[in-house]
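See below for model_16.csv, which holds CSV, C-alpha atoms.
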```csv
chain,number,residue,atom,x,y,z
A,1,MET,CA,-44.6,-182.5,-166.6
A,2,SER,CA,-45.5,-180.7,-163.4
A,3,GLN,CA,-48.8,-178.8,-163.1
A,4,GLY,CA,-48.7,-175.2,-161.6
A,5,LEU,CA,-50.9,-174.0,-158.8
A,6,SER,CA,-54.2,-172.4,-159.6
A,7,ARG,CA,-54.8,-168.8,-158.5
A,8,ARG,CA,-57.0,-170.0,-155.7
A,9,GLN,CA,-54.5,-172.6,-154.5
A,10,ALA,CA,-51.7,-170.1,-154.6
A,11,ALA,CA,-53.8,-167.6,-152.6
A,12,LEU,CA,-54.7,-170.3,-150.0
A,13,LEU,CA,-51.0,-171.3,-149.7
A,14,GLY,CA,-50.0,-167.7,-149.2
A,15,LEU,CA,-52.6,-167.2,-146.5
A,16,VAL,CA,-51.3,-170.3,-144.6
A,17,VAL,CA,-47.8,-169.0,-144.8
A,18,LEU,CA,-48.8,-165.6,-143.5
A,19,VAL,CA,-50.8,-167.1,-140.6
A,20,ALA,CA,-47.8,-169.3,-139.7
A,21,VAL,CA,-45.4,-166.3,-139.7
A,22,ALA,CA,-47.8,-164.3,-137.6
A,23,LEU,CA,-48.1,-167.0,-135.0
A,24,ALA,CA,-44.3,-167.4,-134.8
A,25,ALA,CA,-43.8,-163.6,-134.5
A,26,GLY,CA,-46.5,-163.5,-131.8
A,27,SER,CA,-44.8,-166.3,-129.8
A,28,LEU,CA,-41.4,-164.6,-130.1
A,29,TRP,CA,-43.0,-161.3,-129.0
A,30,ARG,CA,-44.5,-162.9,-125.9
A,31,ILE,CA,-41.3,-164.6,-125.0
A,32,GLY,CA,-39.3,-161.4,-125.5
A,33,SER,CA,-41.8,-159.3,-123.6
A,34,HIS,CA,-41.7,-161.8,-120.7
A,35,GLN,CA,-37.9,-161.6,-120.6
A,36,GLY,CA,-38.0,-157.8,-120.9
A,37,LEU,CA,-36.3,-157.7,-124.3
A,38,PHE,CA,-38.6,-155.2,-125.8
A,39,ALA,CA,-39.3,-153.0,-122.8
A,40,GLU,CA,-37.4,-149.8,-122.0
A,41,THR,CA,-35.2,-150.5,-119.0
A,42,PHE,CA,-32.6,-148.8,-116.8
A,43,ASP,CA,-29.7,-150.3,-114.7
A,44,ALA,CA,-29.3,-150.3,-111.0
A,45,THR,CA,-26.9,-152.0,-108.5
A,46,VAL,CA,-26.9,-153.1,-104.9
A,47,GLY,CA,-24.2,-154.8,-102.8
A,48,PHE,CA,-24.7,-157.6,-100.2
A,49,ALA,CA,-22.2,-159.3,-98.0
A,50,GLU,CA,-23.5,-162.7,-99.2
A,51,VAL,CA,-26.0,-163.6,-102.0
A,52,HIS,CA,-26.9,-167.3,-101.4
A,53,ASP,CA,-29.2,-168.8,-104.1
A,54,VAL,CA,-29.2,-165.6,-106.2
A,55,ALA,CA,-28.3,-166.0,-109.8
A,56,PRO,CA,-28.8,-164.1,-113.1
A,57,GLY,CA,-32.5,-164.2,-113.8
A,58,THR,CA,-33.6,-163.8,-110.1
A,59,ALA,CA,-36.7,-161.6,-110.0
A,60,VAL,CA,-36.6,-158.0,-108.7
A,61,ARG,CA,-39.8,-156.6,-107.1
A,62,VAL,CA,-40.7,-153.1,-106.2
A,63,ARG,CA,-43.3,-153.1,-103.4
A,64,GLY,CA,-43.9,-156.8,-104.3
A,65,VAL,CA,-44.6,-156.0,-108.0
A,66,ASN,CA,-42.3,-157.6,-110.6
A,67,ALA,CA,-40.1,-154.8,-111.9
A,68,GLY,CA,-37.1,-156.6,-113.5
A,69,GLN,CA,-34.4,-159.1,-112.9
A,70,VAL,CA,-30.7,-159.7,-111.8
A,71,VAL,CA,-28.5,-159.6,-115.0
A,72,GLY,CA,-25.1,-160.0,-113.4
A,73,ILE,CA,-23.2,-160.7,-110.2
A,74,ASP,CA,-19.8,-159.1,-109.5
A,75,TYR,CA,-17.5,-160.7,-106.9
A,76,PRO,CA,-15.7,-158.1,-104.7
A,77,ASP,CA,-12.1,-157.2,-105.7
A,78,HIS,CA,-11.0,-157.7,-102.1
A,79,ASP,CA,-12.1,-159.7,-99.0
A,80,GLY,CA,-11.4,-157.2,-96.4
A,81,PRO,CA,-13.9,-155.1,-94.3
A,82,GLY,CA,-16.7,-153.7,-96.4
A,83,ALA,CA,-16.4,-156.2,-99.2
A,84,VAL,CA,-19.7,-156.9,-100.9
A,85,VAL,CA,-21.0,-158.9,-103.8
A,86,THR,CA,-22.6,-156.5,-106.3
A,87,LEU,CA,-25.8,-157.4,-108.0
A,88,ARG,CA,-26.4,-155.7,-111.4
A,89,LEU,CA,-30.2,-155.1,-111.9
A,90,LYS,CA,-32.2,-154.3,-115.0
A,91,LEU,CA,-35.5,-152.6,-114.1
A,92,ASP,CA,-38.5,-151.4,-116.1
A,93,ALA,CA,-38.1,-147.8,-117.1
A,94,LYS,CA,-41.4,-146.8,-115.5
A,95,TYR,CA,-39.8,-147.2,-112.1
A,96,ALA,CA,-36.9,-144.9,-112.8
A,97,ASP,CA,-38.5,-141.8,-111.3
A,98,ARG,CA,-40.2,-143.8,-108.6
A,99,LEU,CA,-36.9,-144.7,-106.7
A,100,TYR,CA,-35.8,-142.1,-104.2
A,101,ALA,CA,-32.5,-141.4,-102.5
A,102,ASP,CA,-33.4,-143.5,-99.5
A,103,ALA,CA,-34.5,-146.6,-101.5
A,104,THR,CA,-33.3,-149.9,-100.1
A,105,ALA,CA,-33.1,-153.5,-101.2
A,106,MET,CA,-33.1,-156.8,-99.3
A,107,LEU,CA,-32.9,-160.5,-100.3
A,108,HIS,CA,-36.2,-162.2,-99.6
A,109,SER,CA,-37.3,-165.8,-99.6
A,110,THR,CA,-40.7,-166.6,-101.2
A,111,GLY,CA,-42.8,-169.6,-101.9
A,112,LEU,CA,-42.6,-173.2,-100.7
A,113,LEU,CA,-39.2,-173.8,-102.4
A,114,SER,CA,-37.7,-170.7,-100.7
A,115,ALA,CA,-36.9,-169.1,-104.0
A,116,LYS,CA,-35.0,-165.8,-103.6
A,117,VAL,CA,-36.1,-162.4,-104.9
A,118,VAL,CA,-34.6,-158.9,-104.6
A,119,ALA,CA,-37.2,-156.9,-102.7
A,120,VAL,CA,-36.9,-153.2,-103.3
A,121,ASN,CA,-38.5,-150.5,-101.1
A,122,PRO,CA,-38.6,-147.4,-103.2
A,123,GLY,CA,-38.1,-144.9,-100.4
A,124,THR,CA,-39.9,-141.6,-99.8
A,125,PRO,CA,-40.3,-138.6,-102.1
A,126,ALA,CA,-39.1,-136.3,-99.3
A,127,ALA,CA,-35.6,-137.9,-99.7
A,128,GLY,CA,-35.3,-136.5,-103.2
A,129,PRO,CA,-34.6,-138.4,-106.5
A,130,MET,CA,-32.0,-141.2,-106.6
A,131,VAL,CA,-28.7,-140.4,-108.3
A,132,GLY,CA,-26.7,-143.2,-109.8
A,133,TYR,CA,-29.3,-145.9,-108.9
A,134,ARG,CA,-27.1,-147.5,-106.2
A,135,LEU,CA,-29.5,-149.1,-103.8
A,136,LYS,CA,-28.7,-149.4,-100.1
A,137,ALA,CA,-28.8,-153.0,-98.9
A,138,THR,CA,-30.7,-154.0,-95.8
A,139,GLU,CA,-30.6,-157.3,-93.9
A,140,SER,CA,-33.3,-159.9,-94.0
A,141,PRO,CA,-35.4,-160.4,-90.8
A,142,ASP,CA,-33.2,-161.5,-87.9
A,143,LEU,CA,-33.6,-165.2,-87.4
A,144,GLY,CA,-31.4,-165.1,-84.3
A,145,ALA,CA,-33.9,-162.9,-82.5
A,146,SER,CA,-36.7,-165.2,-83.5
A,147,ALA,CA,-34.8,-168.2,-82.1
A,148,ALA,CA,-34.3,-166.3,-78.8
A,149,LYS,CA,-38.0,-165.7,-78.5
A,150,PHE,CA,-38.7,-169.4,-79.1
A,151,GLY,CA,-36.1,-170.3,-76.5
A,152,ALA,CA,-37.8,-168.0,-73.9
A,153,ALA,CA,-41.2,-169.6,-74.7
A,154,ALA,CA,-39.7,-173.1,-74.2
A,155,ASP,CA,-38.4,-172.0,-70.8
A,156,GLU,CA,-41.8,-170.8,-69.8
A,157,ALA,CA,-43.4,-174.0,-70.9
A,158,ALA,CA,-40.9,-176.0,-68.8
A,159,GLN,CA,-41.7,-173.9,-65.7
A,160,LEU,CA,-45.5,-174.5,-66.3
A,161,LEU,CA,-45.0,-178.3,-66.5
A,162,ARG,CA,-43.1,-178.2,-63.2
A,163,GLU,CA,-46.0,-176.4,-61.5
A,164,VAL,CA,-48.5,-178.9,-62.9
A,165,ARG,CA,-46.5,-181.8,-61.5
A,166,THR,CA,-46.0,-180.4,-58.0
A,167,GLY,CA,-48.8,-177.9,-57.5
A,168,ASN,CA,-52.3,-178.2,-56.2
A,169,GLY,CA,-53.9,-175.5,-58.3
A,170,SER,CA,-56.8,-175.8,-60.7
A,171,LEU,CA,-54.6,-176.7,-63.7
A,172,ALA,CA,-52.9,-179.5,-61.8
A,173,LYS,CA,-56.3,-181.0,-60.8
A,174,LEU,CA,-57.5,-180.8,-64.4
A,175,VAL,CA,-54.4,-182.6,-65.6
A,176,ARG,CA,-55.0,-185.5,-63.1
A,177,ASP,CA,-58.6,-185.8,-63.9
A,178,ASP,CA,-59.6,-189.1,-65.6
A,179,GLU,CA,-62.2,-187.6,-67.8
A,180,LEU,CA,-59.7,-185.1,-69.1
A,181,TYR,CA,-57.4,-188.0,-69.9
A,182,LEU,CA,-60.0,-189.6,-72.0
A,183,ASP,CA,-60.7,-186.4,-73.8
A,184,LEU,CA,-57.0,-186.0,-74.5
A,185,LYS,CA,-56.8,-189.5,-75.8
A,186,GLY,CA,-59.5,-188.8,-78.2
A,187,LEU,CA,-57.8,-185.6,-79.2
A,188,ALA,CA,-54.6,-187.6,-79.9
A,189,LYS,CA,-56.5,-189.9,-82.3
A,190,ASP,CA,-57.7,-186.8,-84.1
A,191,SER,CA,-54.2,-185.4,-84.2
A,192,ARG,CA,-52.8,-188.6,-85.7
A,193,ARG,CA,-55.6,-188.5,-88.3
A,194,GLU,CA,-54.5,-184.9,-89.2
A,195,VAL,CA,-50.9,-185.9,-89.3
A,196,ASN,CA,-51.8,-188.6,-91.8
A,197,ASN,CA,-53.7,-186.0,-93.9
A,198,VAL,CA,-50.7,-183.7,-93.8
A,199,THR,CA,-48.4,-186.6,-94.9
A,200,GLN,CA,-50.7,-187.4,-97.8
A,201,PHE,CA,-50.7,-183.7,-98.7
A,202,VAL,CA,-46.9,-183.7,-98.8
A,203,GLU,CA,-46.9,-186.8,-101.0
A,204,ASP,CA,-49.4,-185.1,-103.3
A,205,GLY,CA,-47.1,-182.1,-103.4
A,206,ARG,CA,-44.1,-184.1,-104.4
A,207,ALA,CA,-46.1,-185.8,-107.2
A,208,THR,CA,-47.2,-182.3,-108.4
A,209,LEU,CA,-43.7,-181.0,-108.4
A,210,LYS,CA,-42.6,-184.1,-110.4
A,211,SER,CA,-45.3,-183.5,-112.9
A,212,VAL,CA,-44.4,-179.8,-113.2
A,213,ARG,CA,-40.8,-180.7,-113.8
A,214,GLN,CA,-41.8,-183.2,-116.5
A,215,GLY,CA,-44.0,-180.5,-118.1
A,216,THR,CA,-41.1,-178.0,-118.0
A,217,ASP,CA,-38.7,-180.5,-119.6
A,218,ALA,CA,-41.3,-181.1,-122.3
A,219,ILE,CA,-41.9,-177.4,-122.9
A,220,SER,CA,-38.2,-176.8,-123.2
A,221,LYS,CA,-38.0,-179.3,-126.1
A,222,MET,CA,-40.7,-177.6,-128.1
A,223,PRO,CA,-39.3,-176.4,-131.5
A,224,LEU,CA,-40.1,-172.7,-130.8
A,225,ILE,CA,-38.9,-172.7,-127.2
A,226,ARG,CA,-35.8,-174.9,-127.2
A,227,SER,CA,-33.7,-172.2,-129.0
A,228,TYR,CA,-34.1,-170.1,-125.8
A,229,VAL,CA,-33.2,-172.9,-123.4
A,230,GLU,CA,-29.7,-174.5,-123.6
A,231,ASP,CA,-29.5,-177.9,-122.1
A,232,PRO,CA,-25.7,-178.4,-121.3
A,233,GLY,CA,-26.1,-182.2,-121.4
A,234,ALA,CA,-27.8,-182.3,-124.8
A,235,THR,CA,-25.4,-179.6,-126.1
A,236,LEU,CA,-22.2,-181.3,-125.1
A,237,VAL,CA,-23.1,-185.0,-125.3
A,238,ARG,CA,-23.8,-186.0,-129.0
A,239,PRO,CA,-23.0,-189.7,-129.6
A,240,SER,CA,-24.1,-189.5,-133.2
A,241,ALA,CA,-21.8,-186.6,-134.2
A,242,ARG,CA,-18.0,-186.4,-134.7
A,243,ARG,CA,-16.5,-184.3,-131.9
A,244,GLU,CA,-13.3,-182.3,-132.4
A,245,ALA,CA,-12.0,-180.1,-129.6
A,246,VAL,CA,-9.3,-177.5,-128.8
A,247,THR,CA,-8.7,-176.9,-125.1
A,248,TYR,CA,-6.9,-174.0,-123.3
A,249,ASN,CA,-6.1,-173.1,-119.8
A,250,THR,CA,-8.1,-170.0,-119.1
A,251,ASP,CA,-5.0,-168.3,-117.7
A,252,ASP,CA,-3.6,-168.5,-121.3
A,253,LEU,CA,-6.5,-166.6,-122.7
A,254,PHE,CA,-7.8,-164.1,-120.1
A,255,GLU,CA,-6.5,-161.6,-117.6
A,256,PRO,CA,-6.7,-163.1,-114.0
A,257,ARG,CA,-10.2,-163.6,-112.7
A,258,SER,CA,-11.8,-161.9,-115.7
A,259,ALA,CA,-13.4,-162.4,-119.1
A,260,ILE,CA,-11.0,-159.9,-120.8
A,261,LEU,CA,-8.9,-161.5,-123.5
A,262,THR,CA,-5.1,-160.9,-123.4
A,263,ASP,CA,-3.0,-160.2,-126.5
A,264,ALA,CA,-1.6,-163.7,-126.2
A,265,GLY,CA,-5.1,-165.1,-125.9
A,266,LYS,CA,-6.1,-163.4,-129.1
A,267,ILE,CA,-3.2,-165.0,-130.9
A,268,HIS,CA,-4.3,-168.4,-129.7
A,269,LEU,CA,-7.9,-167.7,-130.9
A,270,ASP,CA,-6.6,-166.5,-134.3
A,271,SER,CA,-5.2,-170.0,-134.9
A,272,VAL,CA,-8.6,-171.5,-133.7
A,273,ALA,CA,-10.4,-169.2,-136.2
A,274,GLY,CA,-8.2,-170.6,-139.0
A,275,TRP,CA,-8.9,-174.1,-137.9
A,276,LEU,CA,-12.7,-173.5,-137.9
A,277,THR,CA,-12.6,-171.9,-141.3
A,278,HIS,CA,-11.3,-175.1,-142.8
A,279,LEU,CA,-14.1,-177.1,-141.1
A,280,ALA,CA,-16.8,-175.6,-143.3
A,281,SER,CA,-19.4,-178.4,-143.2
A,282,ASP,CA,-22.9,-176.8,-143.4
A,283,LYS,CA,-24.0,-179.3,-140.8
A,284,SER,CA,-21.3,-178.5,-138.2
A,285,GLU,CA,-22.0,-176.7,-135.0
A,286,VAL,CA,-19.5,-174.9,-132.7
A,287,VAL,CA,-19.8,-174.9,-128.9
A,288,VAL,CA,-17.6,-172.7,-126.6
A,289,VAL,CA,-17.7,-174.0,-123.0
A,290,ALA,CA,-15.8,-172.7,-120.0
A,291,PHE,CA,-15.2,-174.4,-116.6
A,292,PHE,CA,-13.8,-173.0,-113.3
A,293,ASP,CA,-11.6,-174.9,-110.9
A,294,PRO,CA,-13.9,-176.4,-108.2
A,295,ALA,CA,-11.1,-176.0,-105.7
A,296,GLY,CA,-10.5,-172.4,-106.5
A,297,LYS,CA,-11.1,-169.9,-103.7
A,298,SER,CA,-11.4,-166.7,-105.7
A,299,GLN,CA,-15.1,-167.3,-106.8
A,300,THR,CA,-18.3,-168.6,-105.2
A,301,ALA,CA,-20.4,-171.2,-107.0
A,302,VAL,CA,-22.7,-168.5,-108.3
A,303,SER,CA,-20.0,-166.1,-109.4
A,304,ALA,CA,-18.0,-168.9,-111.1
A,305,VAL,CA,-21.1,-169.6,-113.3
A,306,GLU,CA,-21.3,-165.9,-114.3
A,307,LEU,CA,-17.5,-165.7,-114.9
A,308,THR,CA,-17.3,-168.8,-117.1
A,309,ARG,CA,-20.4,-167.6,-119.1
A,310,GLN,CA,-18.9,-164.3,-119.9
A,311,GLN,CA,-15.5,-166.0,-120.8
A,312,ALA,CA,-17.3,-168.3,-123.2
A,313,GLU,CA,-19.3,-165.4,-124.7
A,314,ALA,CA,-16.1,-163.3,-125.1
A,315,VAL,CA,-14.4,-166.1,-127.1
A,316,LEU,CA,-17.5,-166.7,-129.2
A,317,ALA,CA,-17.7,-163.0,-130.1
A,318,TYR,CA,-14.0,-162.9,-131.0
A,319,LEU,CA,-14.4,-165.9,-133.3
A,320,LYS,CA,-17.5,-164.5,-134.9
A,321,ALA,CA,-15.6,-161.3,-135.6
A,322,HIS,CA,-13.4,-163.5,-137.8
A,323,GLY,CA,-16.4,-164.7,-139.7
A,324,VAL,CA,-16.1,-168.4,-138.7
A,325,HIS,CA,-19.9,-168.6,-138.4
A,326,LYS,CA,-20.4,-167.7,-142.1
A,327,LEU,CA,-20.6,-170.7,-144.5
A,328,GLY,CA,-21.8,-168.8,-147.5
A,329,TRP,CA,-23.7,-165.7,-148.6
A,330,VAL,CA,-26.7,-166.8,-146.5
A,331,THR,CA,-25.8,-169.9,-144.6
A,332,ARG,CA,-24.7,-169.5,-141.0
A,333,ARG,CA,-23.3,-172.1,-138.7
A,334,LYS,CA,-24.9,-172.4,-135.2
A,335,MET,CA,-22.5,-171.3,-132.4
A,336,THR,CA,-23.3,-171.6,-128.7
A,337,ALA,CA,-21.6,-170.3,-125.6
A,338,LEU,CA,-21.9,-172.1,-122.2
A,339,GLY,CA,-20.5,-171.2,-118.8
A,340,LEU,CA,-20.7,-174.2,-116.4
A,341,GLY,CA,-18.9,-172.8,-113.4
A,342,THR,CA,-17.5,-175.5,-111.2
A,343,ALA,CA,-19.5,-178.3,-112.8
A,344,THR,CA,-17.7,-181.5,-114.0
A,345,PRO,CA,-17.3,-181.8,-117.8
A,346,PRO,CA,-19.9,-184.4,-119.0
A,347,VAL,CA,-17.7,-186.0,-121.5
A,348,PRO,CA,-14.5,-187.8,-120.3
A,349,GLU,CA,-11.3,-186.7,-122.1
A,350,LYS,CA,-8.3,-188.8,-123.1
A,351,ASP,CA,-6.0,-186.3,-121.4
A,352,PRO,CA,-6.7,-184.5,-118.1
A,353,LEU,CA,-8.2,-181.1,-118.5
A,354,PRO,CA,-6.8,-178.0,-116.7
A,355,PRO,CA,-8.8,-177.2,-113.6
A,356,SER,CA,-10.0,-173.9,-115.1
A,357,CYS,CA,-10.3,-174.4,-118.9
A,358,LEU,CA,-12.1,-173.3,-122.0
A,359,GLN,CA,-12.9,-175.6,-124.9
A,360,VAL,CA,-13.9,-174.9,-128.5
A,361,LEU,CA,-15.9,-177.9,-129.7
A,362,VAL,CA,-17.0,-178.7,-133.3
A,363,PHE,CA,-19.8,-181.3,-133.7
A,364,THR,CA,-20.5,-182.7,-137.2
A,365,PRO,CA,-23.4,-185.1,-137.6
A,366,GLN,CA,-22.5,-188.4,-139.2
```
Could you write out this structure as structure tokens?
Amino acid sequence: MSQGLSRRQAALLGLVVLVAVALAAGSLWRIGSHQGLFAETFDATVGFAEVHDVAPGTAVRVRGVNAGQVVGIDYPDHDGPGAVVTLRLKLDAKYADRLYADATAMLHSTGLLSAKVVAVNPGTPAAGPMVGYRLKATESPDLGASAAKFGAAADEAAQLLREVRTGNGSLAKLVRDDELYLDLKGLAKDSRREVNNVTQFVEDGRATLKSVRQGTDAISKMPLIRSYVEDPGATLVRPSARREAVTYNTDDLFEPRSAILTDAGKIHLDSVAGWLTHLASDKSEVVVVAFFDPAGKSQTAVSAVELTRQQAEAVLAYLKAHGVHKLGWVTRRKMTALGLGTATPPVPEKDPLPPSCLQVLVFTPQ
């Protein structure tokens, strides 16, 4: 016969549960606040001819202050004159009335790893308020002009060396002086010592970066955090689970170069929904993953990732609308959408996959 909890034990247990719930809610709030999930925001856009190393999540700064992030990248509908890649930005609402009609944006590299940010100059109040929040793009500092300046300096240095070798001025005499040679030899030793110090500094930096990466990997596996971070390898490679898959050429599901389902695509997905309904194990998980043809010329590597992500999310939303995630009154099956762009599928298939394809995978632990 089991013995019930005393009033004091029940109160203590309730207090522990409340504290645990409060800690979890606080952690979720901090993560959501960092990602801007709970802040009021507004949308803006800016177009660039090229957006190397920019991806969704890239920071947006106004006068150097973090103000939002890139949430989408739209490839131009043509490649003629004036074609631009459009960045969709989501900014904190407090900057909405601080951007003026002459506001500009540029791509800026920052930090040792040359990470990109979208740097916004808010413009001047005299230009009037901004309408439509379409920022004007400006180019990054001209590296070609800097290279020309270095080239001119090199020419001047070469001329100076010729005068030292052939001339009889004070500088030429100093260069030929034995005492100066000895001083320079000592300076060379000091320089080598400094080079060794710099080399050690670089090695220490590499070790630090390795440590940071290990720490980041460990954090991403923490129970509270890992639901926010999808690891494609861990999500798609599950040796201890039974794997079932349905594969489609993306042309059979979507309008060309888009994440818009066609009527024929919806018919295909209706049959997938029926299949998933019969796979009603409460332990099964569904993963929708999309790939883009690596040889395709219509997308860049960055836009291919965004395109495949939106395609996978569109299919996942359509299947959820058919209730395939519901396993009971309360129980819900985990469903994940992944867009891997031009990456190679991590699991080899018996039959070759279409170059651009979408798979609906079901994993059931054994």
So that I can see what lies close to segment 308-321 of chain A, please list as a ChimeraX atom specification the residues with an atom at most 10 Å from it, counting all atoms listed in the file and leaving out residues fewer than 5 positions away in the same chain. /A:72,250,253-254,257-261,265-266,269-270,272-274,276,286-292,303,326,335-342,356-360
For atom CA of His322 of chain A and atom CA of His278 of chain A, quote the distance in Å rounded to one decimal. 12.8 Å
So how many Å separate atom CA of Val120 of chain A and atom CA of Tyr75 of chain A, to one decimal? 21.1 Å
Pairwise distance for atom CA of Glu156 of chain A and atom CA of Val195 of chain A, rounded to one decimal in Å: 26.3 Å
